[in-house]
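Student: The file below is run18.pdb, PDB, C-alpha atoms:
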```pdb
ATOM      1  CA  MET A   1     -35.616  24.324  62.861
ATOM      2  CA  THR A   2     -32.898  21.716  63.353
ATOM      3  CA  VAL A   3     -29.779  21.507  61.192
ATOM      4  CA  ALA A   4     -27.728  18.355  60.557
ATOM      5  CA  ILE A   5     -23.976  18.653  59.991
ATOM      6  CA  VAL A   6     -22.418  16.287  57.474
ATOM      7  CA  ALA A   7     -18.665  15.869  56.949
ATOM      8  CA  ASP A   8     -16.528  13.407  55.021
ATOM      9  CA  SER A   9     -13.909  11.102  56.523
ATOM     10  CA  GLY A  10     -11.121  13.376  55.331
ATOM     11  CA  SER A  11     -11.948  15.365  58.476
ATOM     12  CA  ASP A  12     -10.066  12.973  60.798
ATOM     13  CA  LEU A  13     -12.859  13.320  63.354
ATOM     14  CA  THR A  14     -12.747  10.531  65.905
ATOM     15  CA  PRO A  15     -15.677   8.166  66.586
ATOM     16  CA  ALA A  16     -16.061   9.835  69.990
ATOM     17  CA  GLN A  17     -16.301  13.296  68.422
ATOM     18  CA  LEU A  18     -18.875  12.088  65.907
ATOM     19  CA  LEU A  19     -20.945  10.409  68.617
ATOM     20  CA  GLU A  20     -20.798  13.378  70.970
ATOM     21  CA  THR A  21     -21.747  15.977  68.364
ATOM     22  CA  GLY A  22     -24.075  14.014  66.085
ATOM     23  CA  ILE A  23     -22.029  14.884  63.001
ATOM     24  CA  ARG A  24     -22.816  12.490  60.151
ATOM     25  CA  GLN A  25     -19.760  11.150  58.344
ATOM     26  CA  VAL A  26     -19.608  10.086  54.707
ATOM     27  CA  PRO A  27     -16.655   7.739  54.081
ATOM     28  CA  LEU A  28     -14.110   8.021  51.317
ATOM     29  CA  SER A  29     -12.406   4.811  50.199
ATOM     30  CA  VAL A  30      -8.791   3.719  50.580
ATOM     31  CA  SER A  31      -7.244   0.984  48.479
ATOM     32  CA  PHE A  32      -4.135  -1.173  48.693
ATOM     33  CA  GLY A  33      -3.641  -2.686  45.272
ATOM     34  CA  PRO A  34      -6.986  -4.102  44.060
ATOM     35  CA  ARG A  35      -8.606  -4.151  47.520
ATOM     36  CA  ALA A  36     -10.645  -1.088  48.465
ATOM     37  CA  TYR A  37     -12.074  -0.221  51.875
ATOM     38  CA  LEU A  38     -14.544   2.392  53.035
ATOM     39  CA  SER A  39     -12.599   4.480  55.505
ATOM     40  CA  PRO A  40     -12.855   4.303  58.435
ATOM     41  CA  ASP A  41     -15.927   2.015  58.335
ATOM     42  CA  GLU A  42     -14.013  -0.970  56.930
ATOM     43  CA  LEU A  43     -10.452   0.053  57.778
ATOM     44  CA  ALA A  44      -9.508   0.983  61.331
ATOM     45  CA  GLN A  45      -6.622   3.388  61.901
ATOM     46  CA  ASP A  46      -4.353   0.819  63.527
ATOM     47  CA  VAL A  47      -4.932  -1.715  60.747
ATOM     48  CA  PHE A  48      -4.267   0.939  58.111
ATOM     49  CA  TRP A  49      -0.931   1.947  59.621
ATOM     50  CA  GLU A  50       0.104  -1.685  59.972
ATOM     51  CA  LYS A  51      -0.554  -2.127  56.256
ATOM     52  CA  VAL A  52       1.310   1.050  55.302
ATOM     53  CA  ARG A  53       4.393   0.090  57.290
ATOM     54  CA  ALA A  54       4.437  -3.586  56.296
ATOM     55  CA  PRO A  55       7.454  -4.521  54.095
ATOM     56  CA  GLY A  56       6.516  -4.575  50.419
ATOM     57  CA  SER A  57       3.071  -3.084  50.986
ATOM     58  CA  PRO A  58       1.704  -1.123  47.998
ATOM     59  CA  PHE A  59       1.167   2.606  48.407
ATOM     60  CA  PRO A  60      -2.410   3.374  49.464
ATOM     61  CA  HIS A  61      -4.685   5.372  47.180
ATOM     62  CA  THR A  62      -7.913   7.206  47.953
ATOM     63  CA  ALA A  63     -11.172   7.738  46.087
ATOM     64  CA  ALA A  64     -13.945  10.262  46.665
ATOM     65  CA  ALA A  65     -17.184   9.444  48.434
ATOM     66  CA  SER A  66     -19.895   8.631  45.900
ATOM     67  CA  VAL A  67     -23.007  10.570  44.967
ATOM     68  CA  GLY A  68     -25.085   7.683  46.302
ATOM     69  CA  GLN A  69     -23.374   7.791  49.676
ATOM     70  CA  TYR A  70     -24.125  11.483  50.005
ATOM     71  CA  LYS A  71     -27.718  11.076  48.896
ATOM     72  CA  GLN A  72     -28.186   8.339  51.484
ATOM     73  CA  ALA A  73     -26.644  10.512  54.225
ATOM     74  CA  PHE A  74     -28.826  13.489  53.283
ATOM     75  CA  GLU A  75     -32.002  11.415  53.140
ATOM     76  CA  GLY A  76     -31.133   9.838  56.493
ATOM     77  CA  ALA A  77     -30.748  13.245  58.119
ATOM     78  CA  PHE A  78     -34.143  14.391  56.877
ATOM     79  CA  ALA A  79     -35.746  11.072  57.864
ATOM     80  CA  ASP A  80     -34.421  11.634  61.383
ATOM     81  CA  GLY A  81     -36.332  14.912  61.580
ATOM     82  CA  HIS A  82     -33.767  17.537  60.580
ATOM     83  CA  ASP A  83     -35.061  20.475  58.568
ATOM     84  CA  ALA A  84     -31.816  21.440  56.788
ATOM     85  CA  ILE A  85     -28.277  20.205  56.216
ATOM     86  CA  VAL A  86     -24.877  21.882  56.189
ATOM     87  CA  CYS A  87     -22.309  19.644  54.498
ATOM     88  CA  VAL A  88     -18.616  20.515  54.903
ATOM     89  CA  CYS A  89     -16.233  18.844  52.449
ATOM     90  CA  LEU A  90     -12.558  18.287  51.720
ATOM     91  CA  SER A  91     -10.936  20.980  49.607
ATOM     92  CA  GLU A  92     -12.225  20.856  46.049
ATOM     93  CA  ALA A  93      -8.624  21.231  44.883
ATOM     94  CA  LEU A  94      -7.772  17.907  46.520
ATOM     95  CA  SER A  95     -10.815  15.702  46.021
ATOM     96  CA  ALA A  96     -13.909  15.204  43.873
ATOM     97  CA  THR A  97     -15.863  14.552  47.057
ATOM     98  CA  ILE A  98     -17.506  17.973  47.118
ATOM     99  CA  GLN A  99     -18.584  17.603  43.491
ATOM    100  CA  HIS A 100     -20.408  14.416  44.435
ATOM    101  CA  ALA A 101     -22.024  16.131  47.420
ATOM    102  CA  ARG A 102     -23.309  18.853  45.104
ATOM    103  CA  MET A 103     -24.659  16.249  42.671
ATOM    104  CA  ALA A 104     -26.472  14.512  45.533
ATOM    105  CA  ARG A 105     -27.950  17.868  46.558
ATOM    106  CA  GLU A 106     -29.317  18.294  43.031
ATOM    107  CA  LEU A 107     -31.123  14.946  43.378
ATOM    108  CA  LEU A 108     -33.045  16.452  46.310
ATOM    109  CA  PRO A 109     -33.956  19.863  44.816
ATOM    110  CA  ASP A 110     -36.723  20.681  47.258
ATOM    111  CA  ARG A 111     -34.564  20.183  50.330
ATOM    112  CA  PRO A 112     -32.425  22.893  52.006
ATOM    113  CA  ILE A 113     -28.912  21.446  51.660
ATOM    114  CA  PHE A 114     -25.878  23.734  51.871
ATOM    115  CA  VAL A 115     -22.542  22.358  50.626
ATOM    116  CA  LEU A 116     -19.421  24.215  51.783
ATOM    117  CA  ASP A 117     -15.874  23.820  50.476
ATOM    118  CA  SER A 118     -13.577  23.808  53.499
ATOM    119  CA  ARG A 119     -10.560  24.517  51.224
ATOM    120  CA  LEU A 120      -8.773  22.468  53.865
ATOM    121  CA  ALA A 121      -8.257  18.907  55.080
ATOM    122  CA  SER A 122      -7.905  16.780  58.208
ATOM    123  CA  MET A 123      -8.831  18.470  61.480
ATOM    124  CA  ALA A 124      -9.063  21.874  59.799
ATOM    125  CA  LEU A 125     -12.156  20.464  58.108
ATOM    126  CA  GLY A 126     -12.952  18.696  61.377
ATOM    127  CA  ALA A 127     -12.761  21.957  63.350
ATOM    128  CA  MET A 128     -15.261  23.524  60.948
ATOM    129  CA  ALA A 129     -17.638  20.579  61.344
ATOM    130  CA  LEU A 130     -17.333  20.686  65.145
ATOM    131  CA  ARG A 131     -18.088  24.408  65.157
ATOM    132  CA  GLY A 132     -21.033  23.791  62.829
ATOM    133  CA  ALA A 133     -22.423  21.156  65.192
ATOM    134  CA  ALA A 134     -22.143  23.544  68.145
ATOM    135  CA  LEU A 135     -23.906  26.306  66.218
ATOM    136  CA  ALA A 136     -26.625  23.893  65.083
ATOM    137  CA  ALA A 137     -27.154  22.779  68.680
ATOM    138  CA  SER A 138     -27.677  26.435  69.633
ATOM    139  CA  GLY A 139     -30.586  26.642  67.182
ATOM    140  CA  MET A 140     -28.845  28.684  64.490
ATOM    141  CA  SER A 141     -30.170  28.541  60.921
ATOM    142  CA  ALA A 142     -28.326  26.686  58.171
ATOM    143  CA  GLU A 143     -27.680  29.920  56.274
ATOM    144  CA  GLU A 144     -26.097  31.573  59.300
ATOM    145  CA  ILE A 145     -24.035  28.467  60.098
ATOM    146  CA  CYS A 146     -22.595  28.582  56.586
ATOM    147  CA  ARG A 147     -21.730  32.240  57.005
ATOM    148  CA  ARG A 148     -20.042  31.618  60.340
ATOM    149  CA  LEU A 149     -18.082  28.646  59.006
ATOM    150  CA  SER A 150     -16.896  30.658  56.014
ATOM    151  CA  THR A 151     -15.531  33.229  58.462
ATOM    152  CA  LEU A 152     -13.954  30.524  60.611
ATOM    153  CA  ARG A 153     -12.273  29.032  57.541
ATOM    154  CA  GLU A 154     -10.238  32.200  57.073
ATOM    155  CA  SER A 155      -8.810  31.913  60.594
ATOM    156  CA  LEU A 156      -7.533  28.352  60.230
ATOM    157  CA  GLY A 157      -3.909  27.408  59.674
ATOM    158  CA  LEU A 158      -2.425  23.999  58.880
ATOM    159  CA  TYR A 159       1.202  22.888  59.113
ATOM    160  CA  VAL A 160       2.481  19.324  58.835
ATOM    161  CA  ALA A 161       6.099  18.151  58.771
ATOM    162  CA  LEU A 162       6.615  15.107  56.554
ATOM    163  CA  ASP A 163       9.257  12.416  56.571
ATOM    164  CA  THR A 164       8.998  12.182  52.773
ATOM    165  CA  LEU A 165       7.118  13.704  49.831
ATOM    166  CA  ASP A 166       6.650  10.276  48.206
ATOM    167  CA  TYR A 167       3.119   9.744  49.482
ATOM    168  CA  LEU A 168       1.929  13.125  48.203
ATOM    169  CA  ARG A 169       3.603  12.434  44.857
ATOM    170  CA  LYS A 170       2.147   8.948  44.428
ATOM    171  CA  GLY A 171      -1.260  10.242  45.448
ATOM    172  CA  GLY A 172      -1.060  12.927  42.755
ATOM    173  CA  ARG A 173      -1.133  15.835  45.208
ATOM    174  CA  ILE A 174       2.344  17.194  44.391
ATOM    175  CA  SER A 175       4.532  17.102  41.289
ATOM    176  CA  HIS A 176       7.029  14.310  40.584
ATOM    177  CA  ALA A 177       9.771  16.893  40.087
ATOM    178  CA  ARG A 178       9.239  18.487  43.470
ATOM    179  CA  ALA A 179       9.100  15.109  45.203
ATOM    180  CA  ALA A 180      12.289  14.006  43.461
ATOM    181  CA  ILE A 181      14.104  17.169  44.520
ATOM    182  CA  GLY A 182      13.001  16.562  48.097
ATOM    183  CA  GLY A 183      14.393  13.037  48.023
ATOM    184  CA  LEU A 184      17.712  14.080  46.527
ATOM    185  CA  LEU A 185      18.248  16.738  49.159
ATOM    186  CA  SER A 186      16.977  14.514  51.975
ATOM    187  CA  ILE A 187      14.727  17.331  53.107
ATOM    188  CA  LYS A 188      11.973  16.958  55.691
ATOM    189  CA  PRO A 189       9.363  19.227  54.101
ATOM    190  CA  ILE A 190       6.728  21.222  55.939
ATOM    191  CA  ILE A 191       3.469  21.515  54.006
ATOM    192  CA  THR A 192       0.470  23.775  54.317
ATOM    193  CA  LEU A 193      -2.649  24.514  52.265
ATOM    194  CA  GLU A 194      -3.149  27.710  50.278
ATOM    195  CA  ASP A 195      -6.453  28.268  48.484
ATOM    196  CA  GLY A 196      -7.101  24.574  48.973
ATOM    197  CA  TRP A 197      -3.843  23.407  47.352
ATOM    198  CA  VAL A 198      -0.911  21.642  48.998
ATOM    199  CA  VAL A 199       2.194  23.817  49.012
ATOM    200  CA  VAL A 200       5.596  23.370  50.622
ATOM    201  CA  ALA A 201       5.984  25.995  53.358
ATOM    202  CA  ASP A 202       9.629  25.205  54.112
ATOM    203  CA  ARG A 203      12.334  22.648  53.275
ATOM    204  CA  PRO A 204      14.455  21.858  56.356
ATOM    205  CA  ARG A 205      17.310  19.437  55.701
ATOM    206  CA  THR A 206      16.985  17.351  58.882
ATOM    207  CA  ARG A 207      14.207  16.174  61.161
ATOM    208  CA  SER A 208      15.541  18.241  64.075
ATOM    209  CA  LYS A 209      15.506  21.374  61.919
ATOM    210  CA  ALA A 210      12.021  20.497  60.682
ATOM    211  CA  THR A 211      10.806  20.189  64.277
ATOM    212  CA  GLU A 212      12.297  23.540  65.196
ATOM    213  CA  ARG A 213      10.795  25.216  62.149
ATOM    214  CA  ILE A 214       7.305  23.813  62.577
ATOM    215  CA  LEU A 215       7.382  24.870  66.219
ATOM    216  CA  GLU A 216       8.200  28.397  65.053
ATOM    217  CA  LEU A 217       5.327  28.375  62.576
ATOM    218  CA  MET A 218       2.785  26.945  64.996
ATOM    219  CA  THR A 219       3.653  29.210  67.933
ATOM    220  CA  ALA A 220       4.049  32.514  66.108
ATOM    221  CA  THR A 221       0.735  33.884  67.390
ATOM    222  CA  PRO A 222      -1.804  32.965  70.094
ATOM    223  CA  VAL A 223      -4.548  30.527  69.115
ATOM    224  CA  THR A 224      -7.947  29.730  70.555
ATOM    225  CA  GLU A 225      -7.886  26.091  69.419
ATOM    226  CA  LEU A 226      -4.981  23.735  68.758
ATOM    227  CA  HIS A 227      -5.552  20.369  67.076
ATOM    228  CA  LEU A 228      -2.309  18.374  66.990
ATOM    229  CA  LEU A 229      -1.953  15.631  64.403
ATOM    230  CA  TYR A 230       0.513  12.829  63.779
ATOM    231  CA  THR A 231       1.098   9.543  62.020
ATOM    232  CA  PRO A 232       3.005   6.600  63.533
ATOM    233  CA  PRO A 233       5.777   6.410  64.617
ATOM    234  CA  ALA A 234       5.931  10.155  65.433
ATOM    235  CA  ASP A 235       6.125  10.990  69.161
ATOM    236  CA  ILE A 236       3.066  13.157  69.639
ATOM    237  CA  ASP A 237       3.495  13.514  73.414
ATOM    238  CA  ALA A 238       6.913  15.135  73.079
ATOM    239  CA  PHE A 239       5.684  17.340  70.233
ATOM    240  CA  ARG A 240       2.592  18.404  72.173
ATOM    241  CA  GLY A 241       4.727  19.366  75.161
ATOM    242  CA  ALA A 242       7.085  21.395  72.981
ATOM    243  CA  VAL A 243       4.250  23.257  71.251
ATOM    244  CA  LEU A 244       2.423  24.111  74.465
ATOM    245  CA  ALA A 245       5.650  25.222  76.167
ATOM    246  CA  ARG A 246       6.282  27.776  73.413
ATOM    247  CA  MET A 247       2.712  28.852  72.666
ATOM    248  CA  PRO A 248       2.205  32.547  73.519
ATOM    249  CA  GLY A 249      -0.622  33.406  75.894
ATOM    250  CA  PRO A 250      -3.428  33.265  76.458
ATOM    251  CA  ALA A 251      -3.450  29.457  76.387
ATOM    252  CA  PRO A 252      -5.710  27.826  73.783
ATOM    253  CA  LYS A 253      -9.161  26.936  75.079
ATOM    254  CA  VAL A 254      -9.212  23.646  73.166
ATOM    255  CA  VAL A 255      -6.266  21.279  72.668
ATOM    256  CA  THR A 256      -6.623  17.863  70.993
ATOM    257  CA  SER A 257      -4.138  15.255  69.796
ATOM    258  CA  GLN A 258      -5.034  12.521  67.339
ATOM    259  CA  VAL A 259      -3.729  10.199  64.683
ATOM    260  CA  MET A 260      -4.441  11.101  61.067
ATOM    261  CA  GLY A 261      -6.804   8.528  59.616
ATOM    262  CA  PRO A 262      -6.495   6.428  56.461
ATOM    263  CA  VAL A 263      -7.746   9.108  54.032
ATOM    264  CA  ILE A 264      -5.246  11.820  54.972
ATOM    265  CA  GLY A 265      -2.614   9.313  56.094
ATOM    266  CA  SER A 266      -2.520   7.877  52.571
ATOM    267  CA  HIS A 267      -1.119  11.195  51.361
ATOM    268  CA  VAL A 268       1.244  12.168  54.173
ATOM    269  CA  GLY A 269       2.746   8.784  55.063
ATOM    270  CA  PRO A 270       4.346   7.604  58.319
ATOM    271  CA  GLY A 271       6.252   9.862  60.688
ATOM    272  CA  ALA A 272       4.302  13.068  59.999
ATOM    273  CA  TYR A 273       3.422  15.562  62.726
ATOM    274  CA  GLY A 274       1.913  19.022  62.955
ATOM    275  CA  GLY A 275      -1.427  20.566  63.630
ATOM    276  CA  ILE A 276      -4.343  22.854  62.973
ATOM    277  CA  LEU A 277      -4.431  26.367  64.387
ATOM    278  CA  VAL A 278      -7.613  28.346  65.005
ATOM    279  CA  ARG A 279      -6.290  31.863  65.448
ATOM    280  CA  ASP A 280      -9.314  34.123  65.826
ATOM    281  CA  VAL A 281     -12.940  33.077  65.943
ATOM    282  CA  ARG A 282     -14.529  36.115  67.608
ATOM    283  CA  SER A 283     -16.758  36.665  64.569
ATOM    284  CA  ALA A 284     -17.513  32.962  64.167
TER     285      ALA A 284
END
```
Show me the file's structure as structure tokens.
Tutor:
Amino acid sequence: MTVAIVADSGSDLTPAQLLETGIRQVPLSVSFGPRAYLSPDELAQDVFWEKVRAPGSPFPHTAAASVGQYKQAFEGAFADGHDAIVCVCLSEALSATIQHARMARELLPDRPIFVLDSRLASMALGAMALRGAALAASGMSAEEICRRLSTLRESLGLYVALDTLDYLRKGGRISHARAAIGGLLSIKPIITLEDGWVVVADRPRTRSKATERILELMTATPVTELHLLYTPPADIDAFRGAVLARMPGPAPKVVTSQVMGPVIGSHVGPGAYGGILVRDVRSA
């Protein structure tokens, strides 16, 4: 029995990771004003960030992947000879994407399709999909992959330092009042996800204090995997060096660094940096 892994483009998986693992990606859309793009199929990362940072550019907005896109992805996986599908989606608290995946599953009632809420975003979702692909390659059943990924989900941590809360506010992921308070105090907030929802983990007043605080949060305990994330113009090389220098042993087995793509980037804005921590995956 072979199992296909499907993820949405809110995972921030790179083209190389998708190609290497065989993960199938369903794109969300990103719009600037009236023009919408499937991301990243029609909107490359570098083009997206040029648009975001261009003077007078409208704020980007995102929309969930459609039921039809999921149905097409599922049918394609079965046509390619897979016997079952495990589909890992953006947090249901943040996007309607998983609802559309479930609706697509209902259109194929005789097929074994398992839809899992990551309760996370970006490379936290990506880490789950990568683990799912590895487990599928080992010959594990879809049911067992879902169980393992549910366990893995509980070991994941996410911290991102933002330059501003405006992008989360305009994208509807945080309240206007909280974003306004952040602007008035000139804070550089650090966000995380709790039960799938965006919450502010800390409110440093300056970027240097934000960097120090996020380093404390990310290096508090050993990790087995470390997925560093950033948006231009953040200096990811300096941040990576600082994190690894302070990370308690043993050293993580996997370390990646990558730009957040258009879907997640639309909500965090330029100058963000942070990462995904996989703390304990012995049972996954």
Student: Would you list the contacts of Val268 in chain A as number ranges by chain, taking every protein, DNA or RNA residue within 12 Å and counting only C-alpha atoms, but skipping same-chain residues closer than 3 positions in sequence?
Tutor: A: 49, 52, 59-61, 121-122, 159-174, 188-192, 198, 229-232, 259-265, 271-274
Student: For the residues selected in the previous step, produce a file with C-alpha atoms as a PDB file, in the frame of the given file.
Tutor:
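Contents of the output file part-v5.pdb:
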```pdb
ATOM      1  CA  TRP A  49      -0.931   1.947  59.621  1.00  0.00           C
ATOM      2  CA  VAL A  52       1.310   1.050  55.302  1.00  0.00           C
ATOM      3  CA  PHE A  59       1.167   2.606  48.407  1.00  0.00           C
ATOM      4  CA  PRO A  60      -2.410   3.374  49.464  1.00  0.00           C
ATOM      5  CA  HIS A  61      -4.685   5.372  47.180  1.00  0.00           C
ATOM      6  CA  ALA A 121      -8.257  18.907  55.080  1.00  0.00           C
ATOM      7  CA  SER A 122      -7.905  16.780  58.208  1.00  0.00           C
ATOM      8  CA  TYR A 159       1.202  22.888  59.113  1.00  0.00           C
ATOM      9  CA  VAL A 160       2.481  19.324  58.835  1.00  0.00           C
ATOM     10  CA  ALA A 161       6.099  18.151  58.771  1.00  0.00           C
ATOM     11  CA  LEU A 162       6.615  15.107  56.554  1.00  0.00           C
ATOM     12  CA  ASP A 163       9.257  12.416  56.571  1.00  0.00           C
ATOM     13  CA  THR A 164       8.998  12.182  52.773  1.00  0.00           C
ATOM     14  CA  LEU A 165       7.118  13.704  49.831  1.00  0.00           C
ATOM     15  CA  ASP A 166       6.650  10.276  48.206  1.00  0.00           C
ATOM     16  CA  TYR A 167       3.119   9.744  49.482  1.00  0.00           C
ATOM     17  CA  LEU A 168       1.929  13.125  48.203  1.00  0.00           C
ATOM     18  CA  ARG A 169       3.603  12.434  44.857  1.00  0.00           C
ATOM     19  CA  LYS A 170       2.147   8.948  44.428  1.00  0.00           C
ATOM     20  CA  GLY A 171      -1.260  10.242  45.448  1.00  0.00           C
ATOM     21  CA  GLY A 172      -1.060  12.927  42.755  1.00  0.00           C
ATOM     22  CA  ARG A 173      -1.133  15.835  45.208  1.00  0.00           C
ATOM     23  CA  ILE A 174       2.344  17.194  44.391  1.00  0.00           C
ATOM     24  CA  LYS A 188      11.973  16.958  55.691  1.00  0.00           C
ATOM     25  CA  PRO A 189       9.363  19.227  54.101  1.00  0.00           C
ATOM     26  CA  ILE A 190       6.728  21.222  55.939  1.00  0.00           C
ATOM     27  CA  ILE A 191       3.469  21.515  54.006  1.00  0.00           C
ATOM     28  CA  THR A 192       0.470  23.775  54.317  1.00  0.00           C
ATOM     29  CA  VAL A 198      -0.911  21.642  48.998  1.00  0.00           C
ATOM     30  CA  LEU A 229      -1.953  15.631  64.403  1.00  0.00           C
ATOM     31  CA  TYR A 230       0.513  12.829  63.779  1.00  0.00           C
ATOM     32  CA  THR A 231       1.098   9.543  62.020  1.00  0.00           C
ATOM     33  CA  PRO A 232       3.005   6.600  63.533  1.00  0.00           C
ATOM     34  CA  VAL A 259      -3.729  10.199  64.683  1.00  0.00           C
ATOM     35  CA  MET A 260      -4.441  11.101  61.067  1.00  0.00           C
ATOM     36  CA  GLY A 261      -6.804   8.528  59.616  1.00  0.00           C
ATOM     37  CA  PRO A 262      -6.495   6.428  56.461  1.00  0.00           C
ATOM     38  CA  VAL A 263      -7.746   9.108  54.032  1.00  0.00           C
ATOM     39  CA  ILE A 264      -5.246  11.820  54.972  1.00  0.00           C
ATOM     40  CA  GLY A 265      -2.614   9.313  56.094  1.00  0.00           C
ATOM     41  CA  GLY A 271       6.252   9.862  60.688  1.00  0.00           C
ATOM     42  CA  ALA A 272       4.302  13.068  59.999  1.00  0.00           C
ATOM     43  CA  TYR A 273       3.422  15.562  62.726  1.00  0.00           C
ATOM     44  CA  GLY A 274       1.913  19.022  62.955  1.00  0.00           C
TER      45      GLY A 274
END
```
Student: Run the PyMOL selection byres ((chain A and resi 90) around 10) against the file shown and list the residues it catches, as an MDAnalysis selection string.
Tutor: chainID A and resid 7:11 64 88:89 91:98 116:122 124:126 196
Student: My list of candidates is A:Gly33, A:Thr219, A:Ile187, A:Arg246. Which is closest to Arg205 in chain A when distances are computed with only C-alpha atoms?
Tutor: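 Nearest to Arg205 in chain A: A:Ile187.
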Student: Using all atoms listed in the file, which protein or nucleic acid residues come within 12 Å of Asp41 in chain A? Drop anything in the same chain fewer than 3 positions from it, and give the result as an MDAnalysis selection string.
Tutor: chainID A and resid 8:9 14:15 25:30 36:38 44:45 47:48 261:263
Student: Between CA of Arg131 in chain A and CA of His100 in chain A, what is the distance, to one decimal in Å?
Tutor: 23.1 Å
Student: For CA of Ala4 in chain A and CA of Val86 in chain A, quote the distance in Å rounded to one decimal.
Tutor: 6.3 Å
Student: From the options A:Phe78, A:Ser141, A:Gly56, A:Ala129, which residue's atoms come nearest to Met1 in chain A, counting all atoms listed in the file?
Tutor: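 Between A:Phe78, A:Ser141, A:Gly56, A:Ala129, the residue approaching Met1 in chain A most closely is A:Ser141.
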Student: What separation in Å, quoted to one decimal, exists between CA of Ile5 in chain A and CA of Ala133 in chain A?
Tutor: 6.0 Å
Student: Kindly indicate which residue among A:Arg153, A:Lys253, A:His267, A:Lys51 lies nearest to Ala127 in chain A, using only C-alpha atoms for the distances.
Tutor: A:Arg153
